[in-house]
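Participant: Got a structure for you, protein-v3.cif, holding mmCIF, C-alpha atoms.
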data_input
#
loop_
_atom_site.group_PDB
_atom_site.id
_atom_site.type_symbol
_atom_site.label_atom_id
_atom_site.label_comp_id
_atom_site.auth_asym_id
_atom_site.auth_seq_id
_atom_site.Cartn_x
_atom_site.Cartn_y
_atom_site.Cartn_z
ATOM 1 C CA MET W 336 3.086 -17.508 -0.748
ATOM 2 C CA SER W 337 0.762 -19.706 1.264
ATOM 3 C CA ALA W 338 -2.723 -20.536 0.048
ATOM 4 C CA GLY W 339 -5.848 -22.033 1.503
ATOM 5 C CA ARG W 340 -9.579 -21.904 1.933
ATOM 6 C CA GLY W 341 -11.388 -19.315 3.995
ATOM 7 C CA GLU W 342 -11.459 -20.009 7.704
ATOM 8 C CA CYS W 343 -15.239 -20.309 8.064
ATOM 9 C CA GLY W 344 -17.472 -23.050 6.765
ATOM 10 C CA GLY W 345 -20.543 -22.826 4.591
ATOM 11 C CA GLY W 346 -21.249 -22.389 0.909
ATOM 12 C CA TYR W 347 -20.270 -19.413 -1.182
ATOM 13 C CA SER W 348 -22.992 -17.192 -2.553
ATOM 14 C CA VAL W 349 -23.115 -13.701 -4.004
ATOM 15 C CA PRO W 350 -25.938 -11.521 -2.683
ATOM 16 C CA VAL W 351 -28.133 -9.841 -5.272
ATOM 17 C CA LYS W 352 -27.193 -6.191 -4.924
ATOM 18 C CA ASN W 353 -26.539 -3.263 -7.199
ATOM 19 C CA GLY W 354 -23.237 -2.579 -5.502
ATOM 20 C CA PHE W 355 -20.990 -3.377 -2.597
ATOM 21 C CA GLU W 356 -19.124 -1.410 0.055
ATOM 22 C CA VAL W 357 -15.578 -1.950 1.267
ATOM 23 C CA SER W 358 -14.063 -0.416 4.403
ATOM 24 C CA THR W 359 -10.458 -0.409 5.552
ATOM 25 C CA VAL W 360 -9.065 0.675 8.915
ATOM 26 C CA ASN W 361 -5.913 0.298 10.968
ATOM 27 C CA VAL W 362 -7.341 -0.706 14.350
ATOM 28 C CA ASN W 363 -4.152 -0.023 16.359
ATOM 29 C CA GLY W 364 -4.593 -3.288 18.251
ATOM 30 C CA LEU W 365 -7.777 -5.284 17.688
ATOM 31 C CA ARG W 366 -8.190 -6.369 21.299
ATOM 32 C CA ALA W 367 -7.982 -2.786 22.544
ATOM 33 C CA ALA W 368 -10.262 -1.481 19.793
ATOM 34 C CA ALA W 369 -12.873 -4.119 20.638
ATOM 35 C CA ARG W 370 -12.821 -3.282 24.360
ATOM 36 C CA LYS W 371 -13.554 0.389 23.830
ATOM 37 C CA ASP W 372 -17.064 1.811 24.060
ATOM 38 C CA PRO W 373 -17.843 2.949 21.487
ATOM 39 C CA GLY W 374 -15.406 0.664 19.757
ATOM 40 C CA PHE W 375 -14.725 -1.637 16.866
ATOM 41 C CA LEU W 376 -17.574 -4.054 17.632
ATOM 42 C CA GLY W 377 -20.145 -1.277 17.741
ATOM 43 C CA TRP W 378 -18.856 0.074 14.462
ATOM 44 C CA LEU W 379 -18.877 -3.398 12.878
ATOM 45 C CA SER W 380 -22.465 -4.071 13.945
ATOM 46 C CA ALA W 381 -23.587 -0.784 12.380
ATOM 47 C CA THR W 382 -21.550 -0.765 9.174
ATOM 48 C CA GLY W 383 -23.134 -1.279 5.789
ATOM 49 C CA ALA W 384 -19.851 -2.614 4.404
ATOM 50 C CA ASP W 385 -19.741 -6.002 2.726
ATOM 51 C CA VAL W 386 -15.979 -6.338 3.235
ATOM 52 C CA VAL W 387 -13.824 -4.892 6.017
ATOM 53 C CA CYS W 388 -10.023 -4.912 5.873
ATOM 54 C CA LEU W 389 -8.103 -4.473 9.116
ATOM 55 C CA GLN W 390 -4.465 -3.681 9.797
ATOM 56 C CA GLU W 391 -2.286 -3.748 12.905
ATOM 57 C CA THR W 392 -4.500 -6.319 14.614
ATOM 58 C CA ARG W 393 -1.570 -7.433 16.830
ATOM 59 C CA ALA W 394 -3.330 -10.600 18.005
ATOM 60 C CA GLU W 395 -3.497 -14.334 17.470
ATOM 61 C CA ARG W 396 -6.880 -16.008 16.973
ATOM 62 C CA ASP W 397 -6.857 -17.545 20.464
ATOM 63 C CA GLN W 398 -6.277 -14.108 22.003
ATOM 64 C CA LEU W 399 -9.503 -12.712 20.579
ATOM 65 C CA ALA W 400 -12.992 -12.984 22.043
ATOM 66 C CA ALA W 401 -15.569 -14.980 20.097
ATOM 67 C CA GLU W 402 -17.547 -11.876 19.190
ATOM 68 C CA VAL W 403 -14.405 -10.464 17.556
ATOM 69 C CA VAL W 404 -13.103 -13.520 15.738
ATOM 70 C CA ALA W 405 -16.508 -14.968 14.775
ATOM 71 C CA PRO W 406 -19.123 -12.195 14.779
ATOM 72 C CA PRO W 407 -22.539 -13.271 13.489
ATOM 73 C CA GLY W 408 -22.909 -12.790 9.759
ATOM 74 C CA TRP W 409 -19.199 -12.460 9.032
ATOM 75 C CA HIS W 410 -16.430 -14.724 7.747
ATOM 76 C CA VAL W 411 -13.049 -13.781 9.195
ATOM 77 C CA VAL W 412 -9.592 -14.440 7.764
ATOM 78 C CA LEU W 413 -6.711 -13.542 10.073
ATOM 79 C CA ALA W 414 -3.052 -13.258 9.117
ATOM 80 C CA PRO W 415 -1.132 -12.554 12.333
ATOM 81 C CA ALA W 416 2.578 -11.809 12.429
ATOM 82 C CA ALA W 417 5.064 -14.438 13.566
ATOM 83 C CA ALA W 418 6.497 -11.746 15.847
ATOM 84 C CA LYS W 419 4.033 -11.626 18.726
ATOM 85 C CA GLY W 420 2.231 -8.343 19.298
ATOM 86 C CA ARG W 421 3.251 -6.815 15.965
ATOM 87 C CA ALA W 422 1.483 -5.993 12.713
ATOM 88 C CA GLY W 423 -1.262 -8.427 11.676
ATOM 89 C CA VAL W 424 -3.932 -8.047 8.999
ATOM 90 C CA ALA W 425 -7.436 -9.426 8.573
ATOM 91 C CA VAL W 426 -10.409 -9.457 6.219
ATOM 92 C CA TYR W 427 -14.024 -9.666 7.362
ATOM 93 C CA SER W 428 -16.531 -10.537 4.620
ATOM 94 C CA ARG W 429 -20.233 -11.254 4.581
ATOM 95 C CA VAL W 430 -19.732 -14.130 2.153
ATOM 96 C CA GLU W 431 -17.166 -16.898 2.468
ATOM 97 C CA PRO W 432 -14.025 -16.335 0.418
ATOM 98 C CA GLU W 433 -13.413 -18.807 -2.372
ATOM 99 C CA GLY W 434 -9.714 -18.713 -1.558
ATOM 100 C CA THR W 435 -7.145 -16.913 0.561
ATOM 101 C CA ARG W 436 -3.443 -16.144 0.160
ATOM 102 C CA VAL W 437 -1.094 -14.906 2.866
ATOM 103 C CA GLY W 438 2.012 -12.979 1.867
ATOM 104 C CA PHE W 439 3.142 -11.957 -1.596
ATOM 105 C CA GLY W 440 6.060 -14.278 -2.282
ATOM 106 C CA ALA W 441 8.820 -12.358 -0.494
ATOM 107 C CA ALA W 442 10.424 -14.688 2.043
ATOM 108 C CA GLU W 443 11.299 -11.922 4.502
ATOM 109 C CA PHE W 444 7.670 -10.824 4.773
ATOM 110 C CA GLU W 445 5.876 -14.160 4.391
ATOM 111 C CA ASP W 446 4.916 -14.399 8.069
ATOM 112 C CA SER W 447 5.089 -10.702 8.903
ATOM 113 C CA GLY W 448 1.325 -10.162 9.132
ATOM 114 C CA ARG W 449 1.381 -7.497 6.456
ATOM 115 C CA TYR W 450 -0.562 -8.867 3.484
ATOM 116 C CA VAL W 451 -3.510 -11.170 2.887
ATOM 117 C CA GLU W 452 -5.797 -11.627 -0.134
ATOM 118 C CA VAL W 453 -9.273 -13.124 -0.363
ATOM 119 C CA ASP W 454 -11.245 -14.014 -3.493
ATOM 120 C CA LEU W 455 -14.833 -12.772 -3.377
ATOM 121 C CA GLY W 456 -16.714 -13.423 -6.598
ATOM 122 C CA PRO W 457 -15.011 -11.502 -9.429
ATOM 123 C CA VAL W 458 -12.960 -9.318 -7.068
ATOM 124 C CA THR W 459 -9.853 -10.164 -5.063
ATOM 125 C CA VAL W 460 -9.599 -7.943 -1.967
ATOM 126 C CA ALA W 461 -6.325 -7.533 -0.093
ATOM 127 C CA SER W 462 -5.510 -6.058 3.299
ATOM 128 C CA LEU W 463 -2.079 -4.397 3.394
ATOM 129 C CA TYR W 464 -0.057 -3.018 6.288
ATOM 130 C CA LEU W 465 3.020 -1.482 4.733
ATOM 131 C CA PRO W 466 5.736 -0.987 7.358
ATOM 132 C CA SER W 467 6.053 2.379 9.022
ATOM 133 C CA GLY W 468 9.534 3.811 9.009
ATOM 134 C CA ASP W 469 11.833 6.063 10.972
ATOM 135 C CA VAL W 470 14.534 7.871 9.035
ATOM 136 C CA GLY W 471 18.035 6.564 9.674
ATOM 137 C CA THR W 472 16.910 3.409 11.505
ATOM 138 C CA PRO W 473 16.475 -0.296 10.645
ATOM 139 C CA ARG W 474 12.715 0.315 10.553
ATOM 140 C CA GLN W 475 13.155 2.563 7.529
ATOM 141 C CA GLU W 476 15.392 -0.014 5.880
ATOM 142 C CA GLU W 477 12.719 -2.669 6.416
ATOM 143 C CA LYS W 478 10.092 -0.385 4.911
ATOM 144 C CA GLU W 479 12.168 0.197 1.828
ATOM 145 C CA ARG W 480 12.910 -3.509 1.358
ATOM 146 C CA PHE W 481 9.174 -4.142 1.534
ATOM 147 C CA MET W 482 8.478 -1.459 -1.061
ATOM 148 C CA GLU W 483 11.156 -2.848 -3.368
ATOM 149 C CA ALA W 484 9.628 -6.340 -3.222
ATOM 150 C CA PHE W 485 5.983 -5.298 -3.281
ATOM 151 C CA LEU W 486 5.892 -3.160 -6.433
ATOM 152 C CA PRO W 487 6.896 -6.007 -8.799
ATOM 153 C CA TYR W 488 4.251 -8.147 -7.135
ATOM 154 C CA LEU W 489 1.598 -5.513 -7.813
ATOM 155 C CA VAL W 490 2.606 -5.409 -11.487
ATOM 156 C CA LYS W 491 2.500 -9.188 -11.806
ATOM 157 C CA ARG W 492 -0.705 -9.578 -9.799
ATOM 158 C CA ARG W 493 -2.594 -7.036 -11.889
ATOM 159 C CA GLU W 494 -1.663 -8.952 -15.035
ATOM 160 C CA GLU W 495 -2.819 -12.214 -13.459
ATOM 161 C CA VAL W 496 -6.196 -11.028 -12.217
ATOM 162 C CA GLU W 497 -7.080 -9.037 -15.322
ATOM 163 C CA SER W 498 -6.151 -11.943 -17.604
ATOM 164 C CA ARG W 499 -8.863 -13.918 -15.779
ATOM 165 C CA GLY W 500 -11.454 -11.163 -16.072
ATOM 166 C CA ARG W 501 -11.115 -10.284 -12.401
ATOM 167 C CA GLU W 502 -10.311 -7.120 -10.439
ATOM 168 C CA LEU W 503 -7.932 -6.475 -7.530
ATOM 169 C CA LEU W 504 -8.480 -4.076 -4.641
ATOM 170 C CA VAL W 505 -5.597 -3.457 -2.233
ATOM 171 C CA CYS W 506 -6.886 -1.779 0.923
ATOM 172 C CA GLY W 507 -4.897 -0.689 3.882
ATOM 173 C CA ASP W 508 -2.401 1.446 5.677
ATOM 174 C CA TRP W 509 0.220 2.290 3.059
ATOM 175 C CA ASN W 510 2.102 4.561 5.509
ATOM 176 C CA ILE W 511 2.880 7.093 2.770
ATOM 177 C CA ALA W 512 1.137 10.387 2.086
ATOM 178 C CA HIS W 513 1.396 10.630 -1.686
ATOM 179 C CA ARG W 514 0.741 14.305 -2.330
ATOM 180 C CA GLU W 515 0.928 17.577 -0.431
ATOM 181 C CA ALA W 516 -2.881 17.463 -0.327
ATOM 182 C CA ASP W 517 -2.605 14.214 1.654
ATOM 183 C CA LEU W 518 -0.822 15.765 4.632
ATOM 184 C CA ARG W 519 -1.966 18.824 6.548
ATOM 185 C CA ASN W 520 1.469 19.936 7.754
ATOM 186 C CA TRP W 521 3.444 18.779 4.725
ATOM 187 C CA ARG W 522 6.100 21.511 4.889
ATOM 188 C CA ALA W 523 7.192 20.435 8.362
ATOM 189 C CA ASN W 524 7.306 16.757 7.341
ATOM 190 C CA ARG W 525 9.406 16.857 4.181
ATOM 191 C CA ARG W 526 12.161 14.894 5.939
ATOM 192 C CA SER W 527 9.823 12.563 7.828
ATOM 193 C CA SER W 528 9.206 8.935 6.968
ATOM 194 C CA GLY W 529 5.909 8.706 5.189
ATOM 195 C CA PHE W 530 6.513 11.859 3.173
ATOM 196 C CA LEU W 531 10.052 11.382 1.895
ATOM 197 C CA PRO W 532 10.524 12.225 -1.792
ATOM 198 C CA HIS W 533 11.501 8.689 -2.766
ATOM 199 C CA GLU W 534 8.524 7.200 -0.874
ATOM 200 C CA ARG W 535 6.144 9.537 -2.691
ATOM 201 C CA ALA W 536 7.837 8.678 -5.986
ATOM 202 C CA TRP W 537 7.300 4.997 -5.226
ATOM 203 C CA MET W 538 3.568 5.645 -4.741
ATOM 204 C CA SER W 539 3.533 7.425 -8.089
ATOM 205 C CA ARG W 540 4.998 4.284 -9.643
ATOM 206 C CA VAL W 541 2.151 2.225 -8.175
ATOM 207 C CA PHE W 542 -0.280 4.468 -10.036
ATOM 208 C CA ASP W 543 1.668 5.445 -13.155
ATOM 209 C CA GLU W 544 3.748 2.345 -13.906
ATOM 210 C CA ALA W 545 1.741 -0.456 -12.314
ATOM 211 C CA GLY W 546 -1.486 1.211 -13.468
ATOM 212 C CA TYR W 547 -3.522 1.133 -10.270
ATOM 213 C CA VAL W 548 -5.924 3.879 -9.195
ATOM 214 C CA ASP W 549 -6.127 5.740 -5.889
ATOM 215 C CA VAL W 550 -9.904 5.458 -5.596
ATOM 216 C CA MET W 551 -10.475 8.208 -3.033
ATOM 217 C CA ARG W 552 -8.338 10.679 -4.960
ATOM 218 C CA SER W 553 -10.022 9.774 -8.257
ATOM 219 C CA LEU W 554 -13.349 10.764 -6.702
ATOM 220 C CA MET W 555 -11.978 13.853 -4.933
ATOM 221 C CA PRO W 556 -9.176 15.153 -7.168
ATOM 222 C CA ASP W 557 -9.089 18.754 -6.003
ATOM 223 C CA ARG W 558 -9.563 18.738 -2.246
ATOM 224 C CA GLU W 559 -7.169 18.434 0.669
ATOM 225 C CA GLY W 560 -7.425 15.172 2.538
ATOM 226 C CA PRO W 561 -9.712 13.793 3.699
ATOM 227 C CA TYR W 562 -7.231 12.618 6.318
ATOM 228 C CA SER W 563 -7.459 9.168 7.885
ATOM 229 C CA TRP W 564 -4.794 9.239 10.642
ATOM 230 C CA TRP W 565 -4.161 11.716 13.442
ATOM 231 C CA THR W 566 -1.557 11.370 16.157
ATOM 232 C CA TYR W 567 -2.893 11.129 19.709
ATOM 233 C CA ARG W 568 -0.418 13.843 20.697
ATOM 234 C CA GLY W 569 -1.671 17.370 21.183
ATOM 235 C CA ARG W 570 -4.848 18.495 19.426
ATOM 236 C CA ALA W 571 -4.098 16.988 16.027
ATOM 237 C CA PHE W 572 -7.533 15.368 15.722
ATOM 238 C CA ASP W 573 -9.445 18.423 16.902
ATOM 239 C CA ASN W 574 -7.537 20.590 14.420
ATOM 240 C CA ASP W 575 -7.767 17.976 11.645
ATOM 241 C CA ALA W 576 -3.981 18.033 11.361
ATOM 242 C CA GLY W 577 -3.845 14.570 9.846
ATOM 243 C CA TRP W 578 -2.333 12.357 7.185
ATOM 244 C CA ARG W 579 -4.100 10.488 4.377
ATOM 245 C CA ILE W 580 -2.198 7.204 4.458
ATOM 246 C CA ASP W 581 -5.093 4.710 4.306
ATOM 247 C CA TYR W 582 -5.991 3.912 0.711
ATOM 248 C CA GLN W 583 -8.168 1.764 -1.461
ATOM 249 C CA VAL W 584 -6.013 1.092 -4.524
ATOM 250 C CA ALA W 585 -7.824 -0.676 -7.360
ATOM 251 C CA THR W 586 -7.319 -1.999 -10.840
ATOM 252 C CA PRO W 587 -8.808 0.490 -13.325
ATOM 253 C CA GLY W 588 -11.912 -1.531 -14.133
ATOM 254 C CA LEU W 589 -13.010 -1.625 -10.508
ATOM 255 C CA ALA W 590 -11.957 1.966 -9.805
ATOM 256 C CA ALA W 591 -14.217 3.141 -12.627
ATOM 257 C CA ARG W 592 -17.172 1.639 -10.749
ATOM 258 C CA ALA W 593 -16.565 3.617 -7.536
ATOM 259 C CA GLU W 594 -19.646 5.705 -6.701
ATOM 260 C CA TRP W 595 -18.590 7.467 -3.528
ATOM 261 C CA ALA W 596 -15.955 7.410 -0.806
ATOM 262 C CA ARG W 597 -15.773 8.756 2.715
ATOM 263 C CA VAL W 598 -13.593 8.768 5.800
ATOM 264 C CA GLU W 599 -15.666 7.790 8.825
ATOM 265 C CA ARG W 600 -14.132 10.356 11.142
ATOM 266 C CA ALA W 601 -15.402 10.264 14.723
ATOM 267 C CA ALA W 602 -17.613 13.156 15.760
ATOM 268 C CA GLU W 603 -15.256 13.970 18.641
ATOM 269 C CA HIS W 604 -11.988 12.838 20.142
ATOM 270 C CA ALA W 605 -13.631 10.811 22.912
ATOM 271 C CA GLN W 606 -15.413 8.606 20.365
ATOM 272 C CA ARG W 607 -12.238 7.437 18.638
ATOM 273 C CA TRP W 608 -11.397 3.746 18.948
ATOM 274 C CA SER W 609 -8.205 3.960 16.861
ATOM 275 C CA ASP W 610 -5.797 6.661 15.770
ATOM 276 C CA HIS W 611 -7.032 5.887 12.235
ATOM 277 C CA ALA W 612 -10.570 6.216 10.853
ATOM 278 C CA PRO W 613 -12.287 3.776 8.472
ATOM 279 C CA VAL W 614 -12.077 4.605 4.770
ATOM 280 C CA THR W 615 -15.197 3.356 2.978
ATOM 281 C CA VAL W 616 -15.971 3.147 -0.730
ATOM 282 C CA ARG W 617 -19.079 1.967 -2.559
ATOM 283 C CA TYR W 618 -18.646 0.238 -5.918
ATOM 284 C CA ARG W 619 -21.247 -0.598 -8.556
ATOM 285 C CA THR W 620 -21.488 -4.315 -9.197
ATOM 286 C CA ARG W 621 -21.216 -3.720 -12.964
#
Mind turning the file's structure into structure tokens?

Facilitator:
Amino acid sequence: MSAGRGECGGGYSVPVKNGFEVSTVNVNGLRAAARKDPGFLGWLSATGADVVCLQETRAERDQLAAEVVAPPGWHVVLAPAAAKGRAGVAVYSRVEPEGTRVGFGAAEFEDSGRYVEVDLGPVTVASLYLPSGDVGTPRQEEKERFMEAFLPYLVKRREEVESRGRELLVCGDWNIAHREADLRNWRANRRSSGFLPHERAWMSRVFDEAGYVDVMRSLMPDREGPYSWWTYRGRAFDNDAGWRIDYQVATPGLAARAEWARVERAAEHAQRWSDHAPVTVRYRTR
């Protein structure tokens, strides 16, 4: 695991607020999302979030325009993949992180652009892009190796942060719909990657064994969705035939302070700037 300071200068300060908002979104290519109108930059300028986690940025720092990599009022930590044009995660925060960590100690995924943590006051926020799979292919094998390595890290990391009186929030594209309520057409996808029985069981272990909380589901236990990803094929978005695969997964102390959550679904197909929509949660400070 690599460690270092945040990538922007300036002193660290915590704004005096009663709460804070966190958003997470898979941008499906940050350069493309920023070029669209409306697009990522318009959304970022309007958001009330204090922290924004991005996945699938697919860009190096020198490939991004200044208004994307250094927008006014934001500190940006990028963790691109060593494989050009793949994966990539980032965290935008309104205050400078006290520390950053890239990767989670698994050598295979150290430079894969799939995990980064930042320390912000008493909360560590992570951006996760868990690999997508394809049944019967090396992509599925990679996904399952990632899952096997990542769960022990989550167990260990929770113990570490809580022993220091801190909280951990893992935001991102987990690429697994946990329950039938998290996938509109679940019957037709029972043999599809992202809804395989052992993948769903692994998500249950994150919550039941590792002790984390699915924040959105804790606030909305009895409803279907709300979905956060819709394929561009057909009329999936118009029919809300989506998947809920973008999560904010928190240690119990932080999850108990969640006030509300929403998926920022575009009003219409033409206004989409990614095949995912931002998932936003507001937390009480204490």

Participant: Show me, as a list of chain:residue names, the residues that have an atom within 12 Å of W:Arg492 when counting only C-alpha atoms, minus same-chain residues fewer than 6 positions from it.

Facilitator: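 My list of contacting residues is W:Phe439, W:Gly440, W:Glu452, W:Thr459, W:Val460, W:Ala461, W:Phe485, W:Leu486, W:Ser498, W:Arg499, W:Arg501, W:Glu502, W:Leu503, W:Leu504, W:Val505, W:Ala545, W:Gly546, W:Tyr547, W:Ala585, W:Thr586.
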
Participant: Counting only C-alpha atoms, which residues sit no farther than 12 Å from the position (-11.9, 21.8, 10.4) in the file's frame? I'd like them as a list in words.

Facilitator: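 Residues found, by chain and rising number: Arg519, Glu559, Gly560, Pro561, Tyr562, Arg570, Ala571, Phe572, Asp573, Asn574, Asp575, Ala576, Gly577, Arg600, Ala602 and Glu603 of chain W.
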
Participant: Rounded to one decimal place, report the atom CA of W:Cys388-atom CA of W:Gly507 distance in Å.

Facilitator: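 Distance reported for this atom pair: 6.9 Å.
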
Participant: Could you check how far atom CA of W:Thr615 sits from atom CA of W:Gly420, in Å to one decimal?

Facilitator: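 According to the coordinates, atom CA of W:Thr615 and atom CA of W:Gly420 are separated by 26.6 Å.
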
Participant: Tell me which of W:Gln475, W:Ala400, W:Ala384, W:Pro432 sits closest to W:Arg370, counting only C-alpha atoms.

Facilitator: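 Answer, going by the shortest atom-to-atom distance: W:Ala400.
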
Participant: As an exercise, work out the distance from atom CA of W:Asp385 to atom CA of W:Asp581 in Å and give it to one decimal place.

Facilitator: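 Interatomic distance here is 18.2 Å.
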
Participant: W:Ala414, W:Ala405, W:Ala442, W:Val614: which is nearest W:Thr382, counting all atoms listed in the file?

Facilitator: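 Among the listed residues, W:Val614 lies closest to W:Thr382.
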
Participant: Pull the neighbourhood of (9.3, 3.9, -1.5) for me: all residues within 6 Å in file coordinates, counting only C-alpha atoms, as a list in words.

Facilitator: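 Residues lying no farther than 6 Å from the given point: Glu479, Met482, His533, Glu534 and Trp537 of chain W.
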
Participant: W:Lys371, W:Arg480, W:Arg607, W:Arg366: which is nearest W:Glu443, counting all atoms listed in the file?

Facilitator: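 Using all atoms listed in the file, W:Glu443 sits closest to W:Arg480.
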
Participant: Using all atoms listed in the file, can you tell me which of W:Val598, W:Val453, W:Ala612, W:Ala605 comes closest to W:Pro373?

Facilitator: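 Ranked by minimum distance to W:Pro373, first place goes to W:Ala605.
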
Participant: Run through the PyMOL selection byres ((chain W and resi 516) around 10) on the given coordinates and return the selected residues as a ChimeraX atom specification.

Facilitator: /W:512-515,517-521,552,556-562,578-579

Participant: From the set W:Gly529, W:Gly383, W:Pro587, W:Pro406, which residue has the shortest atom-to-atom contact distance to W:Val470, counting all atoms listed in the file?

Facilitator: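 Nearest to W:Val470: W:Gly529.
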
Participant: Using the chain letters and numbering of this document, enumerate as a list of chain:residue names the residues selected by the PyMOL selection byres ((chain W and resi 363) around 8).

Facilitator: W:Asn361, W:Val362, W:Gly364, W:Leu365, W:Ala367, W:Ala368, W:Gln390, W:Glu391, W:Thr392, W:Arg393, W:Ser609, W:Asp610, W:His611

Participant: W:Pro487, W:Gly423, W:Pro466, W:Pro532: which is nearest W:Leu389, counting only C-alpha atoms?

Facilitator: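 That would be W:Gly423, the residue with the smallest distance to W:Leu389.
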
Participant: Once the PyMOL selection byres ((chain W and resi 619) around 8) has been applied to the shown file, what residues remain in the selection, as a list in words?

Facilitator: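 Checked against the file, the PyMOL selection byres ((chain W and resi 619) around 8) matches Asn353, Gly354, Phe355, Arg592, Ala593, Glu594, Arg617, Tyr618, Thr620 and Arg621 of chain W.
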